[in-house]
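The file model02.txt comes next; it holds compact mmCIF, C-alpha atoms.
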```txt
# COMPACT_ATOMS: atom_id res chain seq x y z
CA MET A 3 -4.22 -14.60 14.19
CA THR A 4 -1.00 -15.33 12.27
CA ALA A 5 0.07 -12.76 9.66
CA ARG A 6 2.21 -13.12 6.55
CA THR A 7 3.99 -9.91 5.59
CA ILE A 8 4.84 -8.73 2.10
CA VAL A 9 6.87 -5.63 1.26
CA ILE A 10 5.23 -3.89 -1.69
CA ASP A 11 5.88 -0.96 -4.01
CA LEU A 12 4.13 0.53 -7.02
CA GLU A 13 5.17 2.78 -9.88
CA THR A 14 2.25 4.72 -11.28
CA THR A 15 1.21 7.20 -13.96
CA GLY A 16 0.87 10.01 -11.40
CA LEU A 17 0.35 11.04 -7.77
CA ASP A 18 -3.46 11.32 -7.76
CA THR A 19 -4.53 8.22 -5.83
CA LYS A 20 -8.02 8.33 -7.34
CA LYS A 21 -6.83 8.39 -10.95
CA ALA A 22 -3.26 7.04 -11.14
CA GLU A 23 -2.74 3.72 -12.91
CA ILE A 24 -0.17 1.09 -11.94
CA ILE A 25 2.66 0.66 -14.45
CA SER A 26 4.86 -1.56 -12.26
CA ILE A 27 4.21 -3.65 -9.15
CA ALA A 28 6.66 -5.57 -7.00
CA ALA A 29 6.10 -7.50 -3.78
CA ARG A 30 8.40 -9.67 -1.70
CA LEU A 31 7.54 -12.05 1.12
CA PHE A 32 9.29 -10.49 4.12
CA GLY A 33 12.20 -12.58 5.31
CA SER A 34 12.25 -14.58 2.08
CA ASP A 35 13.52 -14.36 -1.50
CA GLU A 36 10.02 -15.15 -2.81
CA MET A 37 9.10 -12.19 -5.05
CA PHE A 38 6.50 -10.98 -7.54
CA SER A 39 7.45 -8.32 -10.10
CA GLU A 40 5.58 -7.25 -13.21
CA PHE A 41 5.15 -4.25 -15.50
CA VAL A 42 1.64 -3.15 -16.46
CA ARG A 43 0.32 -1.49 -19.61
CA PRO A 44 -1.94 1.40 -18.53
CA THR A 45 -5.19 2.17 -20.33
CA LYS A 46 -3.78 5.49 -21.53
CA LEU A 47 -0.49 5.85 -23.36
CA PRO A 48 1.89 7.61 -23.60
CA ILE A 49 2.78 8.18 -19.95
CA SER A 50 4.11 11.61 -19.00
CA ILE A 51 7.72 12.53 -19.73
CA HIS A 52 8.25 13.18 -16.01
CA VAL A 53 7.08 9.68 -15.01
CA ALA A 54 9.10 8.06 -17.79
CA LYS A 55 12.24 9.90 -16.71
CA LEU A 56 11.73 9.17 -12.99
CA THR A 57 10.98 5.47 -13.38
CA ARG A 58 13.11 4.84 -16.49
CA ILE A 59 10.08 3.15 -18.06
CA SER A 60 9.15 4.14 -21.62
CA SER A 61 5.69 4.19 -23.16
CA ASN A 62 6.93 1.94 -25.98
CA PHE A 63 8.10 -0.61 -23.40
CA LEU A 64 4.78 -0.54 -21.54
CA ALA A 65 2.86 -0.99 -24.79
CA THR A 66 4.28 -4.53 -25.00
CA LYS A 67 3.13 -5.53 -21.50
CA ASP A 68 -0.10 -7.07 -20.18
CA MET A 69 -2.86 -4.90 -18.79
CA TRP A 70 -3.87 -4.89 -15.13
CA SER A 71 -6.66 -7.43 -15.58
CA LEU A 72 -4.01 -10.08 -16.30
CA VAL A 73 -1.20 -8.81 -14.06
CA GLY A 74 -3.57 -8.25 -11.14
CA THR A 75 -4.90 -11.79 -11.49
CA LYS A 76 -1.33 -13.13 -11.42
CA PHE A 77 -0.65 -11.03 -8.31
CA CYS A 78 -3.70 -12.44 -6.52
CA GLU A 79 -2.66 -15.97 -7.47
CA TRP A 80 0.86 -15.32 -6.16
CA ILE A 81 -0.56 -14.16 -2.83
CA GLN A 82 -2.77 -17.22 -2.56
CA ASP A 83 -0.09 -19.73 -3.61
CA LYS A 84 3.17 -18.33 -2.26
CA VAL A 85 2.17 -16.05 0.62
CA LEU A 86 -1.06 -17.30 2.20
CA GLU A 87 -0.59 -20.85 0.87
CA HIS A 88 -4.39 -21.18 0.66
CA LYS A 89 -4.62 -21.10 4.47
CA LYS A 90 -7.80 -19.26 5.41
CA HIS A 91 -6.69 -18.44 8.96
CA LEU A 92 -3.73 -16.33 7.81
CA THR A 93 -3.87 -12.52 7.72
CA LEU A 94 -2.07 -10.62 4.97
CA ARG A 95 0.05 -7.70 6.16
CA MET A 96 1.23 -5.28 3.47
CA MET A 97 4.27 -3.20 4.34
CA GLY A 98 5.73 -0.34 2.33
CA HIS A 99 7.13 3.18 2.50
CA ASN A 100 4.32 5.78 2.47
CA ILE A 101 1.97 2.89 1.70
CA ARG A 102 -0.95 4.23 3.75
CA ARG A 103 -1.26 7.44 1.76
CA PHE A 104 -0.19 6.35 -1.70
CA ASP A 105 0.21 2.67 -2.61
CA MET A 106 -2.76 1.18 -0.72
CA PRO A 107 -5.53 3.46 -2.02
CA ILE A 108 -4.31 2.85 -5.58
CA LEU A 109 -3.81 -0.88 -5.13
CA LEU A 110 -7.19 -1.46 -3.46
CA ARG A 111 -8.92 0.46 -6.24
CA HIS A 112 -7.19 -1.71 -8.85
CA LEU A 113 -7.93 -4.95 -6.98
CA GLU A 114 -11.60 -4.05 -6.66
CA ALA A 115 -11.80 -3.75 -10.46
CA LEU A 116 -10.47 -7.26 -11.10
CA PRO A 117 -12.87 -9.80 -12.62
CA CYS A 118 -11.34 -12.64 -10.56
CA LYS A 119 -12.03 -13.45 -6.92
CA ASN A 120 -9.93 -11.11 -4.81
CA PRO A 121 -8.01 -12.93 -2.03
CA ILE A 122 -7.25 -9.67 -0.25
CA THR A 123 -10.45 -9.34 1.76
CA ILE A 124 -10.94 -6.61 4.33
CA LYS A 125 -11.13 -9.14 7.17
CA ARG A 126 -7.66 -10.46 6.35
CA LEU A 127 -5.75 -7.29 5.55
CA GLN A 128 -3.39 -5.19 7.66
CA VAL A 129 -1.14 -2.31 6.61
CA LEU A 130 2.22 -1.37 8.09
CA ASP A 131 3.67 1.92 6.86
CA THR A 132 7.45 2.12 7.21
CA LEU A 133 7.47 5.92 6.96
CA PRO A 134 6.31 6.50 10.58
CA LEU A 135 8.13 3.31 11.59
CA LEU A 136 11.52 4.61 10.41
CA LYS A 137 10.84 7.99 12.02
CA TYR A 138 10.43 6.10 15.28
CA VAL A 139 13.50 3.87 14.82
CA TYR A 140 15.80 6.62 13.50
CA PRO A 141 14.68 9.91 15.09
CA GLY A 142 16.26 13.17 13.99
CA MET A 143 17.06 12.38 10.36
CA LYS A 144 16.87 15.33 7.95
CA SER A 145 14.67 13.34 5.60
CA TYR A 146 12.79 10.07 5.64
CA ARG A 147 12.74 9.47 1.93
CA GLN A 148 13.59 5.83 1.44
CA THR A 149 16.66 6.62 -0.67
CA PHE A 150 17.96 9.05 1.97
CA VAL A 151 17.53 6.53 4.83
CA TYR A 152 19.22 3.85 2.74
CA GLU A 153 22.25 6.06 2.01
CA LYS A 154 22.55 7.01 5.67
CA LEU A 155 22.57 3.37 6.78
CA PHE A 156 24.74 1.84 4.05
CA GLU A 157 26.79 4.85 2.81
CA HIS A 158 25.92 4.32 -0.84
CA PRO A 159 22.78 4.90 -2.92
CA PRO A 160 20.38 2.03 -3.57
CA SER A 161 20.48 0.39 -6.96
CA LEU A 162 17.46 0.85 -9.22
CA ALA A 163 15.81 3.55 -7.10
CA HIS A 164 12.31 4.50 -8.29
CA SER A 165 11.75 1.06 -9.74
CA ALA A 166 9.21 -1.11 -7.94
CA ALA A 167 11.50 -4.14 -7.60
CA GLY A 168 14.52 -2.02 -6.68
CA ASP A 169 12.61 -0.11 -4.02
CA VAL A 170 11.18 -3.31 -2.50
CA ASN A 171 14.64 -4.86 -2.21
CA ALA A 172 16.09 -1.64 -0.79
CA LEU A 173 13.35 -1.42 1.85
CA CYS A 174 13.90 -5.08 2.80
CA LYS A 175 17.58 -4.29 3.32
CA ILE A 176 16.74 -1.25 5.48
CA LEU A 177 14.37 -3.37 7.57
CA SER A 178 16.98 -6.09 7.98
CA HIS A 179 19.44 -3.55 9.45
CA SER A 180 20.21 -4.33 13.10
CA SER A 181 18.50 -1.20 14.45
CA SER A 182 15.35 -1.88 12.44
CA THR A 183 15.01 -5.56 13.30
CA LEU A 184 14.75 -4.83 17.02
CA ILE A 185 11.30 -3.31 16.66
CA PHE A 186 10.02 -6.39 14.80
CA GLU A 187 11.06 -8.48 17.77
CA SER A 188 8.95 -6.40 20.14
CA LYS A 189 5.28 -5.53 20.48
CA GLU A 190 6.13 -1.92 19.60
CA VAL A 191 5.64 -2.78 15.93
CA ASN A 192 1.89 -3.15 16.54
CA ARG A 193 1.52 0.60 17.04
CA PHE A 194 2.32 1.00 13.32
CA VAL A 195 -0.07 -1.72 12.11
CA TYR A 196 -3.42 -0.65 10.67
CA ASP A 197 -6.16 -3.28 10.67
CA VAL A 198 -8.38 -2.49 7.69
CA HIS A 199 -11.33 -4.61 8.85
CA GLU A 200 -11.49 -3.11 12.33
CA TYR A 201 -11.30 0.43 11.04
CA HIS A 202 -13.79 -0.31 8.27
CA ARG A 203 -16.26 -1.60 10.86
CA GLU A 204 -15.95 1.60 12.88
CA GLN A 205 -16.46 3.74 9.80
CA THR A 206 -19.50 1.70 8.75
CA LYS A 207 -21.15 2.58 12.07
CA LYS A 208 -20.36 6.25 11.51
CA ILE A 209 -21.82 6.10 7.99
CA GLY A 210 -25.00 4.55 9.37
CA HIS A 211 -25.39 7.41 11.85
CA VAL A 212 -24.74 10.02 9.16
CA LEU A 213 -27.24 8.52 6.73
CA ALA A 214 -29.85 8.10 9.46
CA LYS A 215 -29.42 11.78 10.37
CA ARG A 216 -29.66 12.76 6.71
CA GLU A 217 -32.87 10.75 6.32
CA GLU A 218 -34.30 12.42 9.41
CA ASN A 219 -33.41 15.90 8.17
CA GLU A 220 -34.01 15.52 4.45
CA GLY A 221 -36.28 12.51 4.12
CA LYS A 222 -33.74 10.62 2.01
CA SER A 223 -33.42 6.85 1.97
CA THR A 224 -30.49 4.95 3.48
CA GLU A 225 -30.55 2.34 0.72
CA GLY A 226 -27.14 3.47 -0.53
CA ILE A 227 -25.23 2.45 2.60
CA ASP A 228 -23.42 -0.45 0.91
CA GLU A 229 -22.15 1.83 -1.81
CA CYS A 230 -21.01 4.31 0.81
CA GLU A 231 -19.14 1.60 2.70
CA GLN A 232 -17.22 0.65 -0.42
CA ARG A 233 -16.43 4.27 -1.19
CA VAL A 234 -15.01 4.75 2.31
CA VAL A 235 -12.74 1.73 1.98
CA TYR A 236 -11.58 2.05 -1.58
CA GLU A 237 -11.82 5.73 -2.54
CA GLU A 238 -11.38 7.59 0.73
CA MET A 239 -8.99 5.22 2.51
CA MET A 240 -6.22 7.82 2.37
CA ASN A 241 -8.19 10.22 4.59
CA LEU A 242 -9.39 7.51 6.96
CA ILE A 243 -5.91 6.23 7.70
CA ASP A 244 -4.86 9.80 8.50
CA THR A 245 -7.23 9.71 11.47
CA TYR A 246 -5.60 6.50 12.73
CA TYR A 247 -2.10 7.92 12.50
CA GLY A 248 -3.04 11.46 13.50
CA ASN A 249 -1.04 12.81 10.59
CA GLY A 250 -2.42 15.66 8.53
CA THR A 251 0.44 15.71 6.06
CA SER A 252 -0.64 15.84 2.45
CA ASN A 253 0.12 13.12 -0.08
CA LYS A 254 2.46 15.39 -2.05
CA GLU A 255 4.36 16.41 1.10
CA LEU A 256 4.85 12.79 2.13
CA VAL A 257 6.19 11.86 -1.30
CA GLU A 258 8.70 14.69 -1.15
CA MET A 259 9.93 13.99 2.41
```
For the file at hand, write its structure as structure tokens.
Amino acid sequence: MTARTIVIDLETTGLDTKKAEIISIAARLFGSDEMFSEFVRPTKLPISIHVAKLTRISSNFLATKDMWSLVGTKFCEWIQDKVLEHKKHLTLRMMGHNIRRFDMPILLRHLEALPCKNPITIKRLQVLDTLPLLKYVYPGMKSYRQTFVYEKLFEHPPSLAHSAAGDVNALCKILSHSSSTLIFESKEVNRFVYDVHEYHREQTKKIGHVLAKREENEGKSTEGIDECEQRVVYEEMMNLIDTYYGNGTSNKELVEM
């Protein structure tokens, strides 16, 4: 199945993947200049002083922007029109730095809340995290923070670090570096790809066994299995992907690496 890859980054109101709101989203079709970039007004303002200082985004600025219901709809339309081109056989592959532990759980939660039809279905979604990828391509670095890797490769800091659009463009430049491109030309890249549908199917089986056991032991019904399936995918995805990668590192530790 053919995949279209987008490089994606979010800026959010905090680090808690179950509560953080998106305040900026940027995505770029890999190998292309086609890009989506929007700011988002969160439901709660003001944002914290720490977040405002880190992202250089003020609460007053965000108050003038559209809320996620509109921005998210635009994002879905961009994926359909510019990335997937309304071709049902294409798989969407999302690539980002620390995406498996941070961006994806937040993004999937936001997409699930949209009133429009969501084009990012489980059957057509893959995730490629560049954090373990860059550890593989550039072993022995003192840090694998995106800004650190960028400075090591290009001998100057990236412009607009900690902005969604700036970080997307910086990651695209890192991935276009000669050492990085070699892995995309080989099958080795597949070891870093996470197929959401396949893993979801495995977890659904496990949930069925757990609920059946609970019913046997406690006499409880298994009617809630659909709700449990959704919770696994959208609220506990961070922990599930850990099993796939075999990485027990916490979210906070990964952000600070």
Exercise for review: Counting all atoms listed in the file, write as a VMD selection string all protein and nucleic acid residues lying at most 10 Å from (6.0, 2.0, -17.3) in the file's frame.
Suggested key: chain A and resid 13 to 15 23 to 26 41 to 44 47 to 50 53 to 54 57 to 65 67 165
Subject >> Gap from CA of Met106 (chain A) to CA of Lys154 (chain A) - Å, one decimal >> reply: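 Distance reported for this atom pair: 26.7 Å.
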Distance table requested - region 6-112 of chain A against region 171-181 of chain A, cut-off 8 Å, all atoms listed in the file: one row per qualifying residue with the closest atom pair and its distance in Å to one decimal, ordered by chain and rising residue number, as a Markdown table.
```
| residue | atom | partner | partner_atom | distance |
| --- | --- | --- | --- | --- |
| A:Val9 | CA | A:Cys174 | CA | 7.2 |
| A:Arg30 | CA | A:Asn171 | CA | 7.9 |
| A:Phe32 | CA | A:Cys174 | CA | 7.2 |
| A:Gly98 | CA | A:Leu173 | CA | 7.7 |
| A:His99 | CA | A:Leu173 | CA | 7.8 |
```
Export of prior selection with C-alpha atoms as an mmCIF file, in the coordinates of the input:
```
data_model
loop_
_atom_site.group_PDB
_atom_site.id
_atom_site.type_symbol
_atom_site.label_atom_id
_atom_site.label_comp_id
_atom_site.auth_asym_id
_atom_site.auth_seq_id
_atom_site.Cartn_x
_atom_site.Cartn_y
_atom_site.Cartn_z
ATOM 1 C CA VAL A 9 6.870 -5.630 1.260
ATOM 2 C CA ARG A 30 8.400 -9.670 -1.700
ATOM 3 C CA PHE A 32 9.290 -10.490 4.120
ATOM 4 C CA GLY A 98 5.730 -0.340 2.330
ATOM 5 C CA HIS A 99 7.130 3.180 2.500
#
```
Please list as JSON, numbers by chain every residue within 10 Å of Val151 (chain A), counting all atoms listed in the file and excluding residues in the same chain fewer than 6 positions away.
{"A": [136, 137, 140, 143, 144, 145, 157, 159, 160, 173, 176]}
With all atoms listed in the file as the atoms that count, which of A:Gly142, A:Pro117, A:Gly168, A:Gly16 lies nearest to Val73 (chain A)?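 Closest candidate: A:Pro117.
Of the residues listed (A:Lys46, A:His158, A:Lys89, A:Arg102), A:Arg102 shows the shortest atom-to-atom separation from Asp197 (chain A); distances use only C-alpha atoms.
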Six-sided padding of 6 Å per side, axis-aligned box over region 13-27 of chain A, centre and edges in Å, one decimal, as JSON:
```
{"center_x": -1.4, "center_y": 3.8, "center_z": -10.1, "size_x": 25.2, "size_y": 27.0, "size_z": 20.6}
```
Pairwise distance, CA of Phe194 (chain A) with CA of Asp11 (chain A), equals 17.8 Å
May I have the protein, DNA and RNA residues with an atom at most 6 Å from (0.5, -4.6, 0.5), counting only C-alpha atoms in the file's coordinates, returned as a CSV table (one decimal) with C-alpha atoms, keeping the file's coordinate frame?
```csv
chain,number,residue,atom,x,y,z
A,10,ILE,CA,5.2,-3.9,-1.7
A,96,MET,CA,1.2,-5.3,3.5
A,97,MET,CA,4.3,-3.2,4.3
```
Requested in this report: Would you mind telling me which residue in A:Tyr152, A:Phe38, A:Tyr196, A:Phe104 lies nearest to Gln128 (chain A) when using all atoms listed in the file?
Outcome: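 Selected residue with least distance to Gln128 (chain A): A:Tyr196.
The space between CA of Glu87 (chain A) and CA of Ala167 (chain A) spans 22.3 Å.
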Query - Surrounding residues of Ser39 (chain A) excluding itself and chain neighbours under 3 positions, 7 Å, all atoms listed in the file, as a list in words - result: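 Listed by chain and then number, they are Ile27, Ala28, Ala29 and Ala167 of chain A.
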Within 7 Å of Arg6 (chain A) using all atoms listed in the file, minus same-chain residues under 4 positions, as an MDAnalysis selection string | chainID A and resid 85:86 92:95
Generate a file of the selected residues that holds C-alpha atoms, formatted as a short mmCIF file (atom, residue, chain, number, x, y, z; two decimals), keeping the file's coordinate frame.
```
data_model
loop_
_atom_site.label_atom_id
_atom_site.label_comp_id
_atom_site.auth_asym_id
_atom_site.auth_seq_id
_atom_site.Cartn_x
_atom_site.Cartn_y
_atom_site.Cartn_z
CA VAL A 85 2.17 -16.05 0.62
CA LEU A 86 -1.06 -17.30 2.20
CA LEU A 92 -3.73 -16.33 7.81
CA THR A 93 -3.87 -12.52 7.72
CA LEU A 94 -2.07 -10.62 4.97
CA ARG A 95 0.05 -7.70 6.16
#
```
